[in-house]
>>> print(open('data24.csv').read())   # CSV, N, CA and C atoms
chain,number,residue,atom,x,y,z
B,1469,GLN,N,22.7,9.1,8.7
B,1469,GLN,CA,21.7,10.0,8.1
B,1469,GLN,C,20.6,9.2,7.4
B,1470,VAL,N,19.5,9.8,7.0
B,1470,VAL,CA,18.4,9.1,6.3
B,1470,VAL,C,19.0,8.6,4.9
B,1471,GLN,N,18.7,7.4,4.7
B,1471,GLN,CA,19.2,6.8,3.4
B,1471,GLN,C,18.1,5.8,2.8
B,1472,LEU,N,17.8,6.0,1.6
B,1472,LEU,CA,16.9,5.1,0.9
B,1472,LEU,C,17.7,4.6,-0.4
B,1473,VAL,N,17.8,3.3,-0.5
B,1473,VAL,CA,18.5,2.7,-1.6
B,1473,VAL,C,17.7,1.7,-2.4
B,1474,GLU,N,17.3,2.1,-3.6
B,1474,GLU,CA,16.5,1.3,-4.5
B,1474,GLU,C,17.3,0.3,-5.3
B,1475,SER,N,16.7,-0.9,-5.6
B,1475,SER,CA,17.4,-1.9,-6.4
B,1475,SER,C,16.3,-2.7,-7.1
B,1476,GLY,N,16.7,-3.5,-8.1
B,1476,GLY,CA,15.8,-4.4,-8.7
B,1476,GLY,C,15.3,-4.0,-10.1
B,1477,GLY,N,15.7,-2.8,-10.5
B,1477,GLY,CA,15.3,-2.4,-11.9
B,1477,GLY,C,16.1,-3.2,-13.0
B,1478,GLY,N,15.7,-2.9,-14.2
B,1478,GLY,CA,16.4,-3.6,-15.3
B,1478,GLY,C,15.6,-3.4,-16.6
B,1479,LEU,N,16.1,-4.2,-17.6
B,1479,LEU,CA,15.5,-4.2,-18.9
B,1479,LEU,C,14.7,-5.5,-19.1
B,1480,VAL,N,13.4,-5.3,-19.3
B,1480,VAL,CA,12.5,-6.5,-19.5
B,1480,VAL,C,11.6,-6.3,-20.7
B,1481,GLN,N,10.9,-7.3,-21.1
B,1481,GLN,CA,9.9,-7.3,-22.2
B,1481,GLN,C,8.5,-7.0,-21.6
B,1482,ALA,N,7.7,-6.5,-22.5
B,1482,ALA,CA,6.3,-6.3,-22.1
B,1482,ALA,C,5.7,-7.6,-21.6
B,1483,GLY,N,5.0,-7.6,-20.5
B,1483,GLY,CA,4.4,-8.8,-19.9
B,1483,GLY,C,5.2,-9.4,-18.8
B,1484,ASP,N,6.4,-9.0,-18.7
B,1484,ASP,CA,7.3,-9.6,-17.7
B,1484,ASP,C,7.0,-8.9,-16.3
B,1485,SER,N,7.7,-9.4,-15.3
B,1485,SER,CA,7.6,-8.9,-13.9
B,1485,SER,C,8.9,-8.5,-13.4
B,1486,LEU,N,8.9,-7.6,-12.5
B,1486,LEU,CA,10.1,-7.2,-11.7
B,1486,LEU,C,9.6,-6.9,-10.3
B,1487,ARG,N,10.6,-7.1,-9.4
B,1487,ARG,CA,10.3,-6.7,-8.0
B,1487,ARG,C,11.4,-5.7,-7.6
B,1488,LEU,N,11.0,-4.5,-7.2
B,1488,LEU,CA,11.8,-3.5,-6.7
B,1488,LEU,C,11.9,-3.5,-5.2
B,1489,SER,N,13.1,-3.2,-4.7
B,1489,SER,CA,13.3,-3.1,-3.2
B,1489,SER,C,13.9,-1.8,-2.9
B,1490,CYS,N,13.6,-1.3,-1.7
B,1490,CYS,CA,14.1,-0.1,-1.2
B,1490,CYS,C,14.6,-0.3,0.3
B,1491,ALA,N,15.9,-0.3,0.5
B,1491,ALA,CA,16.4,-0.5,1.8
B,1491,ALA,C,16.5,0.9,2.5
B,1492,ALA,N,15.9,1.0,3.7
B,1492,ALA,CA,15.8,2.2,4.4
B,1492,ALA,C,16.7,2.1,5.6
B,1493,SER,N,17.4,3.2,6.0
B,1493,SER,CA,18.2,3.3,7.1
B,1493,SER,C,18.3,4.8,7.6
B,1494,GLY,N,18.7,4.9,8.9
B,1494,GLY,CA,18.9,6.3,9.4
B,1494,GLY,C,17.6,6.9,10.0
B,1495,PHE,N,16.5,6.2,10.0
B,1495,PHE,CA,15.3,6.7,10.6
B,1495,PHE,C,14.4,5.5,11.1
B,1496,ASN,N,13.4,5.8,11.8
B,1496,ASN,CA,12.5,4.8,12.3
B,1496,ASN,C,11.5,4.4,11.2
B,1497,PHE,N,11.9,3.5,10.4
B,1497,PHE,CA,11.1,3.1,9.2
B,1497,PHE,C,9.6,2.8,9.5
B,1498,MET,N,9.4,2.1,10.6
B,1498,MET,CA,8.0,1.7,10.9
B,1498,MET,C,7.1,2.9,11.3
B,1499,SER,N,7.7,4.0,11.5
B,1499,SER,CA,6.9,5.2,11.9
B,1499,SER,C,6.4,6.0,10.7
B,1500,TYR,N,6.8,5.7,9.5
B,1500,TYR,CA,6.6,6.5,8.3
B,1500,TYR,C,5.8,5.8,7.2
B,1501,ALA,N,4.8,6.5,6.6
B,1501,ALA,CA,4.2,6.0,5.4
B,1501,ALA,C,5.3,6.2,4.3
B,1502,MET,N,5.2,5.3,3.3
B,1502,MET,CA,6.1,5.3,2.2
B,1502,MET,C,5.4,5.3,0.9
B,1503,ARG,N,6.1,5.7,-0.2
B,1503,ARG,CA,5.4,5.5,-1.5
B,1503,ARG,C,6.5,5.3,-2.5
B,1504,TRP,N,6.1,4.8,-3.6
B,1504,TRP,CA,6.9,4.7,-4.8
B,1504,TRP,C,6.4,5.7,-5.8
B,1505,VAL,N,7.4,6.4,-6.4
B,1505,VAL,CA,7.1,7.4,-7.4
B,1505,VAL,C,7.9,7.1,-8.6
B,1506,ARG,N,7.6,7.5,-9.8
B,1506,ARG,CA,8.4,7.3,-11.0
B,1506,ARG,C,8.4,8.5,-11.9
B,1507,ARG,N,9.4,8.6,-12.7
B,1507,ARG,CA,9.5,9.6,-13.7
B,1507,ARG,C,9.9,9.0,-15.0
B,1508,GLY,N,9.0,9.0,-15.9
B,1508,GLY,CA,9.3,8.5,-17.3
B,1508,GLY,C,10.0,9.5,-18.1
B,1509,PRO,N,10.5,9.1,-19.2
B,1509,PRO,CA,11.2,10.1,-20.1
B,1509,PRO,C,10.3,11.2,-20.6
B,1510,GLY,N,10.7,12.4,-20.3
B,1510,GLY,CA,9.9,13.6,-20.7
B,1510,GLY,C,8.6,13.8,-19.9
B,1511,LYS,N,8.4,13.0,-18.8
B,1511,LYS,CA,7.2,13.1,-18.1
B,1511,LYS,C,7.4,13.7,-16.7
B,1512,ALA,N,6.4,14.1,-16.0
B,1512,ALA,CA,6.5,14.6,-14.6
B,1512,ALA,C,6.5,13.4,-13.7
B,1513,PHE,N,6.9,13.6,-12.4
B,1513,PHE,CA,6.8,12.6,-11.4
B,1513,PHE,C,5.4,12.1,-11.2
B,1514,GLU,N,5.2,10.8,-11.0
B,1514,GLU,CA,3.9,10.2,-10.8
B,1514,GLU,C,4.0,9.3,-9.6
B,1515,THR,N,3.1,9.5,-8.7
B,1515,THR,CA,3.0,8.6,-7.5
B,1515,THR,C,2.4,7.3,-8.0
B,1516,VAL,N,3.1,6.2,-7.8
B,1516,VAL,CA,2.7,4.9,-8.3
B,1516,VAL,C,1.9,4.2,-7.2
B,1517,ALA,N,2.4,4.2,-6.0
B,1517,ALA,CA,1.8,3.4,-4.9
B,1517,ALA,C,2.1,4.0,-3.6
B,1518,PHE,N,1.2,3.9,-2.6
B,1518,PHE,CA,1.4,4.4,-1.3
B,1518,PHE,C,1.0,3.3,-0.3
B,1519,ILE,N,1.8,3.3,0.8
B,1519,ILE,CA,1.5,2.4,1.9
B,1519,ILE,C,1.7,3.1,3.2
B,1520,ASP,N,0.8,3.0,4.2
B,1520,ASP,CA,1.0,3.7,5.5
B,1520,ASP,C,2.0,2.9,6.3
B,1521,ASN,N,2.3,3.4,7.5
B,1521,ASN,CA,3.4,2.9,8.3
B,1521,ASN,C,3.1,1.4,8.7
B,1522,GLY,N,1.9,1.0,8.9
B,1522,GLY,CA,1.6,-0.3,9.3
B,1522,GLY,C,1.2,-1.3,8.2
B,1523,GLY,N,1.1,-0.7,7.0
B,1523,GLY,CA,0.7,-1.5,5.8
B,1523,GLY,C,-0.8,-1.7,5.7
B,1524,GLY,N,-1.6,-1.0,6.6
B,1524,GLY,CA,-3.1,-1.2,6.6
B,1524,GLY,C,-3.8,-0.4,5.5
B,1525,THR,N,-3.2,0.7,5.1
B,1525,THR,CA,-3.8,1.5,4.0
B,1525,THR,C,-2.8,1.6,2.8
B,1526,ILE,N,-3.4,1.2,1.7
B,1526,ILE,CA,-2.6,1.1,0.5
B,1526,ILE,C,-3.4,1.7,-0.7
B,1527,SER,N,-2.8,2.4,-1.5
B,1527,SER,CA,-3.4,2.9,-2.7
B,1527,SER,C,-2.5,2.9,-3.9
B,1528,TYR,N,-3.1,2.9,-5.1
B,1528,TYR,CA,-2.3,2.8,-6.4
B,1528,TYR,C,-2.8,3.9,-7.4
B,1529,ALA,N,-1.9,4.3,-8.2
B,1529,ALA,CA,-2.3,5.0,-9.4
B,1529,ALA,C,-3.2,4.2,-10.3
B,1530,ASP,N,-4.2,4.8,-10.9
B,1530,ASP,CA,-5.0,4.0,-11.8
B,1530,ASP,C,-4.2,3.3,-12.9
B,1531,SER,N,-3.1,3.9,-13.3
B,1531,SER,CA,-2.3,3.3,-14.4
B,1531,SER,C,-1.7,1.9,-14.0
B,1532,VAL,N,-1.6,1.7,-12.7
B,1532,VAL,CA,-0.9,0.4,-12.3
B,1532,VAL,C,-1.8,-0.5,-11.5
B,1533,LYS,N,-3.0,0.0,-11.2
B,1533,LYS,CA,-3.9,-0.8,-10.3
B,1533,LYS,C,-4.2,-2.1,-10.9
B,1534,GLY,N,-4.1,-3.2,-10.1
B,1534,GLY,CA,-4.3,-4.5,-10.6
B,1534,GLY,C,-3.0,-5.2,-11.1
B,1535,ARG,N,-2.0,-4.4,-11.3
B,1535,ARG,CA,-0.7,-5.0,-11.8
B,1535,ARG,C,0.4,-4.9,-10.8
B,1536,PHE,N,0.5,-3.8,-10.0
B,1536,PHE,CA,1.5,-3.6,-9.1
B,1536,PHE,C,1.0,-3.8,-7.7
B,1537,ILE,N,2.0,-4.3,-6.8
B,1537,ILE,CA,1.7,-4.5,-5.4
B,1537,ILE,C,2.8,-3.9,-4.6
B,1538,ILE,N,2.4,-3.0,-3.7
B,1538,ILE,CA,3.3,-2.4,-2.7
B,1538,ILE,C,3.2,-3.2,-1.4
B,1539,SER,N,4.4,-3.3,-0.8
B,1539,SER,CA,4.4,-4.0,0.5
B,1539,SER,C,5.6,-3.5,1.3
B,1540,ARG,N,5.7,-3.9,2.6
B,1540,ARG,CA,6.8,-3.4,3.4
B,1540,ARG,C,7.1,-4.5,4.4
B,1541,ASP,N,8.4,-4.5,4.8
B,1541,ASP,CA,8.8,-5.4,5.9
B,1541,ASP,C,9.4,-4.4,7.0
B,1542,ASN,N,8.7,-4.2,8.1
B,1542,ASN,CA,9.1,-3.3,9.1
B,1542,ASN,C,10.2,-3.9,10.0
B,1543,VAL,N,10.5,-5.1,9.9
B,1543,VAL,CA,11.6,-5.7,10.6
B,1543,VAL,C,12.9,-5.5,9.9
B,1544,LYS,N,12.8,-5.8,8.6
B,1544,LYS,CA,14.0,-5.6,7.7
B,1544,LYS,C,14.2,-4.2,7.2
B,1545,ASN,N,13.2,-3.3,7.4
B,1545,ASN,CA,13.2,-2.0,6.9
B,1545,ASN,C,13.4,-1.9,5.4
B,1546,ILE,N,12.5,-2.6,4.8
B,1546,ILE,CA,12.6,-2.7,3.3
B,1546,ILE,C,11.2,-2.4,2.7
B,1547,LEU,N,11.1,-1.6,1.7
B,1547,LEU,CA,9.9,-1.4,1.0
B,1547,LEU,C,10.0,-2.1,-0.4
B,1548,TYR,N,8.9,-2.7,-0.8
B,1548,TYR,CA,8.9,-3.5,-2.1
B,1548,TYR,C,7.8,-2.9,-3.0
B,1549,LEU,N,8.1,-3.2,-4.3
B,1549,LEU,CA,7.1,-3.0,-5.3
B,1549,LEU,C,7.2,-4.1,-6.3
B,1550,GLN,N,6.2,-5.0,-6.3
B,1550,GLN,CA,6.0,-6.1,-7.2
B,1550,GLN,C,5.3,-5.5,-8.4
B,1551,MET,N,6.0,-5.6,-9.6
B,1551,MET,CA,5.4,-5.1,-10.8
B,1551,MET,C,5.2,-6.3,-11.8
B,1552,ASN,N,3.9,-6.5,-12.1
B,1552,ASN,CA,3.5,-7.6,-13.0
B,1552,ASN,C,2.9,-7.0,-14.3
B,1553,MET,N,2.9,-7.8,-15.3
B,1553,MET,CA,2.3,-7.4,-16.6
B,1553,MET,C,2.8,-6.0,-17.1
B,1554,LEU,N,4.1,-5.9,-17.0
B,1554,LEU,CA,4.7,-4.6,-17.4
B,1554,LEU,C,4.5,-4.2,-18.8
B,1555,LYS,N,4.3,-2.9,-19.0
B,1555,LYS,CA,4.0,-2.3,-20.3
B,1555,LYS,C,5.1,-1.3,-20.6
B,1556,PRO,N,5.3,-1.0,-21.9
B,1556,PRO,CA,6.3,0.0,-22.3
B,1556,PRO,C,6.1,1.3,-21.6
B,1557,ASP,N,4.8,1.7,-21.3
B,1557,ASP,CA,4.5,2.9,-20.6
B,1557,ASP,C,5.0,3.0,-19.2
B,1558,ASP,N,5.4,1.8,-18.6
B,1558,ASP,CA,5.9,1.7,-17.3
B,1558,ASP,C,7.4,2.1,-17.2
B,1559,THR,N,8.0,2.3,-18.4
B,1559,THR,CA,9.4,2.7,-18.5
B,1559,THR,C,9.7,4.0,-17.7
B,1560,ALA,N,10.5,4.0,-16.7
B,1560,ALA,CA,10.8,5.2,-15.9
B,1560,ALA,C,11.9,4.9,-14.9
B,1561,VAL,N,12.3,5.9,-14.3
B,1561,VAL,CA,13.2,5.7,-13.1
B,1561,VAL,C,12.2,5.7,-11.9
B,1562,TYR,N,12.3,4.7,-11.1
B,1562,TYR,CA,11.5,4.4,-9.9
B,1562,TYR,C,12.2,4.8,-8.6
B,1563,TYR,N,11.5,5.6,-7.8
B,1563,TYR,CA,12.1,6.1,-6.6
B,1563,TYR,C,11.2,5.6,-5.4
B,1564,CYS,N,11.8,5.3,-4.3
B,1564,CYS,CA,11.0,5.1,-3.1
B,1564,CYS,C,11.2,6.5,-2.3
B,1565,GLU,N,10.1,6.8,-1.6
B,1565,GLU,CA,10.1,8.1,-1.0
B,1565,GLU,C,9.4,8.0,0.4
B,1566,ARG,N,10.1,8.6,1.4
B,1566,ARG,CA,9.5,8.7,2.7
B,1566,ARG,C,8.4,9.8,2.6
B,1567,TYR,N,7.2,9.4,3.0
B,1567,TYR,CA,6.0,10.3,2.9
B,1567,TYR,C,6.0,11.2,4.1
B,1568,ASP,N,6.4,12.5,3.9
B,1568,ASP,CA,6.7,13.4,5.0
B,1568,ASP,C,6.4,14.8,4.5
B,1569,SER,N,6.4,15.7,5.5
B,1569,SER,CA,6.3,17.1,5.1
B,1569,SER,C,7.5,17.6,4.3
B,1570,LYS,N,8.6,16.9,4.6
B,1570,LYS,CA,9.9,17.1,3.8
B,1570,LYS,C,10.3,15.7,3.2
B,1571,PRO,N,9.7,15.3,2.1
B,1571,PRO,CA,9.9,14.0,1.5
B,1571,PRO,C,11.4,13.7,1.3
B,1572,VAL,N,11.8,12.5,1.6
B,1572,VAL,CA,13.1,12.0,1.3
B,1572,VAL,C,13.0,10.9,0.2
B,1573,ARG,N,13.9,11.0,-0.8
B,1573,ARG,CA,13.8,10.1,-1.9
B,1573,ARG,C,15.2,9.5,-2.2
B,1574,GLY,N,15.1,8.2,-2.6
B,1574,GLY,CA,16.4,7.6,-3.0
B,1574,GLY,C,16.9,8.0,-4.3
B,1575,GLN,N,18.0,7.3,-4.8
B,1575,GLN,CA,18.6,7.7,-6.0
B,1575,GLN,C,17.9,7.2,-7.2
B,1576,GLY,N,17.0,6.2,-7.0
B,1576,GLY,CA,16.2,5.7,-8.1
B,1576,GLY,C,16.8,4.4,-8.8
B,1577,THR,N,16.0,3.7,-9.4
B,1577,THR,CA,16.4,2.5,-10.2
B,1577,THR,C,15.6,2.5,-11.5
B,1578,GLN,N,16.4,2.3,-12.6
B,1578,GLN,CA,15.8,2.4,-13.9
B,1578,GLN,C,15.0,1.1,-14.3
B,1579,VAL,N,13.8,1.3,-14.8
B,1579,VAL,CA,13.0,0.2,-15.3
B,1579,VAL,C,12.8,0.5,-16.8
B,1580,THR,N,13.1,-0.4,-17.7
B,1580,THR,CA,12.9,-0.2,-19.1
B,1580,THR,C,12.1,-1.4,-19.6
B,1581,VAL,N,11.0,-1.1,-20.2
B,1581,VAL,CA,10.1,-2.2,-20.7
B,1581,VAL,C,10.1,-2.1,-22.2
B,1582,SER,N,10.6,-3.1,-22.9
B,1582,SER,CA,10.5,-3.1,-24.4
B,1582,SER,C,9.3,-3.8,-24.9
B,1583,SER,N,8.8,-3.4,-26.1
B,1583,SER,CA,7.6,-3.9,-26.6
B,1583,SER,C,7.9,-5.1,-27.5
>>> encode(input="data24.csv", output="structure tokens")
Amino acid sequence: QVQLVESGGGLVQAGDSLRLSCAASGFNFMSYAMRWVRRGPGKAFETVAFIDNGGGTISYADSVKGRFIISRDNVKNILYLQMNMLKPDDTAVYYCERYDSKPVRGQGTQVTVSS
């Protein structure tokens, strides 16, 4: 079955970096656009970054532009999110999501940024 497994979250200090990974299985990964979404405490879901199936089209939320980088490896079926210059406002559960009419989301990984 379709499975997305995020990893790489943790507790860091403001200004630090983290790299999130999302291992995909159960579907043809290279055929789907993907995105990272997050949900901070008491906040709604926010799309952080989007990448099309070939990696040629990428977009970011204004809140992370210039700090986060989304990428993918269509051979290893892994989606990445490199997060630099982290801020306390980036504290959230981060999910990778298959961009589809019926989105599929992983279980999430917690990122906590202390000031």
>>> closest_residue(input="data24.csv", among="B:Ile1526, B:Ile1538, B:Ala1560, B:Cys1490", to="B:Arg1506", atoms="only N, CA and C atoms")
B:Ala1560
>>> select_by_dssp(input="data24.csv", residues="chain B", states="strand (DSSP E or B)", output="VMD selection string")
chain B and resid 1471 to 1475 1478 to 1481 1486 to 1493 1502 to 1507 1513 to 1519 1526 to 1528 1536 to 1541 1546 to 1551 1560 to 1566 1572 to 1573 1577 to 1582
>>> closest_residue(input="data24.csv", among="B:Cys1564, B:Val1579, B:Val1543, B:Ala1517", to="B:Gly1476", atoms="only C-alpha atoms")
B:Val1579
>>> atom_distance(input="data24.csv", atom1="atom CA of B:Gly1508", atom2="atom CA of B:Pro1571")
19.6 Å
>>> closest_residue(input="data24.csv", among="B:Met1498, B:Ala1491, B:Leu1479, B:Ile1519", to="B:Ser1539", atoms="all atoms listed in the file")
B:Ile1519
>>> closest_residue(input="data24.csv", among="B:Val1480, B:Leu1549, B:Ala1501, B:Val1470", to="B:Glu1565", atoms="all atoms listed in the file")
B:Ala1501
>>> closest_residue(input="data24.csv", among="B:Ser1489, B:Gln1481, B:Asn1521, B:Gln1575", to="B:Asn1542", atoms="only N, CA and C atoms")
B:Asn1521
>>> residues_around(input="data24.csv", residues="B:Tyr1528", least_positions_apart="5", cutoff="6.5 Å", atoms="only N, CA and C atoms", output="number ranges by chain")
B: 1515-1518, 1533
>>> write_last_selection(input="data24.csv", atoms="N, CA and C atoms", output="compact mmCIF listing (two decimals), in the frame of the given file")
# COMPACT_ATOMS: atom_id res chain seq x y z
N THR B 1515 3.10 9.50 -8.70
CA THR B 1515 3.00 8.60 -7.50
C THR B 1515 2.40 7.30 -8.00
N VAL B 1516 3.10 6.20 -7.80
CA VAL B 1516 2.70 4.90 -8.30
C VAL B 1516 1.90 4.20 -7.20
N ALA B 1517 2.40 4.20 -6.00
CA ALA B 1517 1.80 3.40 -4.90
C ALA B 1517 2.10 4.00 -3.60
N PHE B 1518 1.20 3.90 -2.60
CA PHE B 1518 1.40 4.40 -1.30
C PHE B 1518 1.00 3.30 -0.30
N LYS B 1533 -3.00 0.00 -11.20
CA LYS B 1533 -3.90 -0.80 -10.30
C LYS B 1533 -4.20 -2.10 -10.90
>>> closest_residue(input="data24.csv", among="B:Leu1488, B:Trp1504, B:Gly1483, B:Lys1544", to="B:Tyr1563", atoms="all atoms listed in the file")
B:Trp1504
>>> atom_distance(input="data24.csv", atom1="atom CA of B:Arg1535", atom2="atom N of B:Gln1550")
8.8 Å
>>> atom_distance(input="data24.csv", atom1="atom C of B:Gly1534", atom2="atom C of B:Glu1474")
21.8 Å
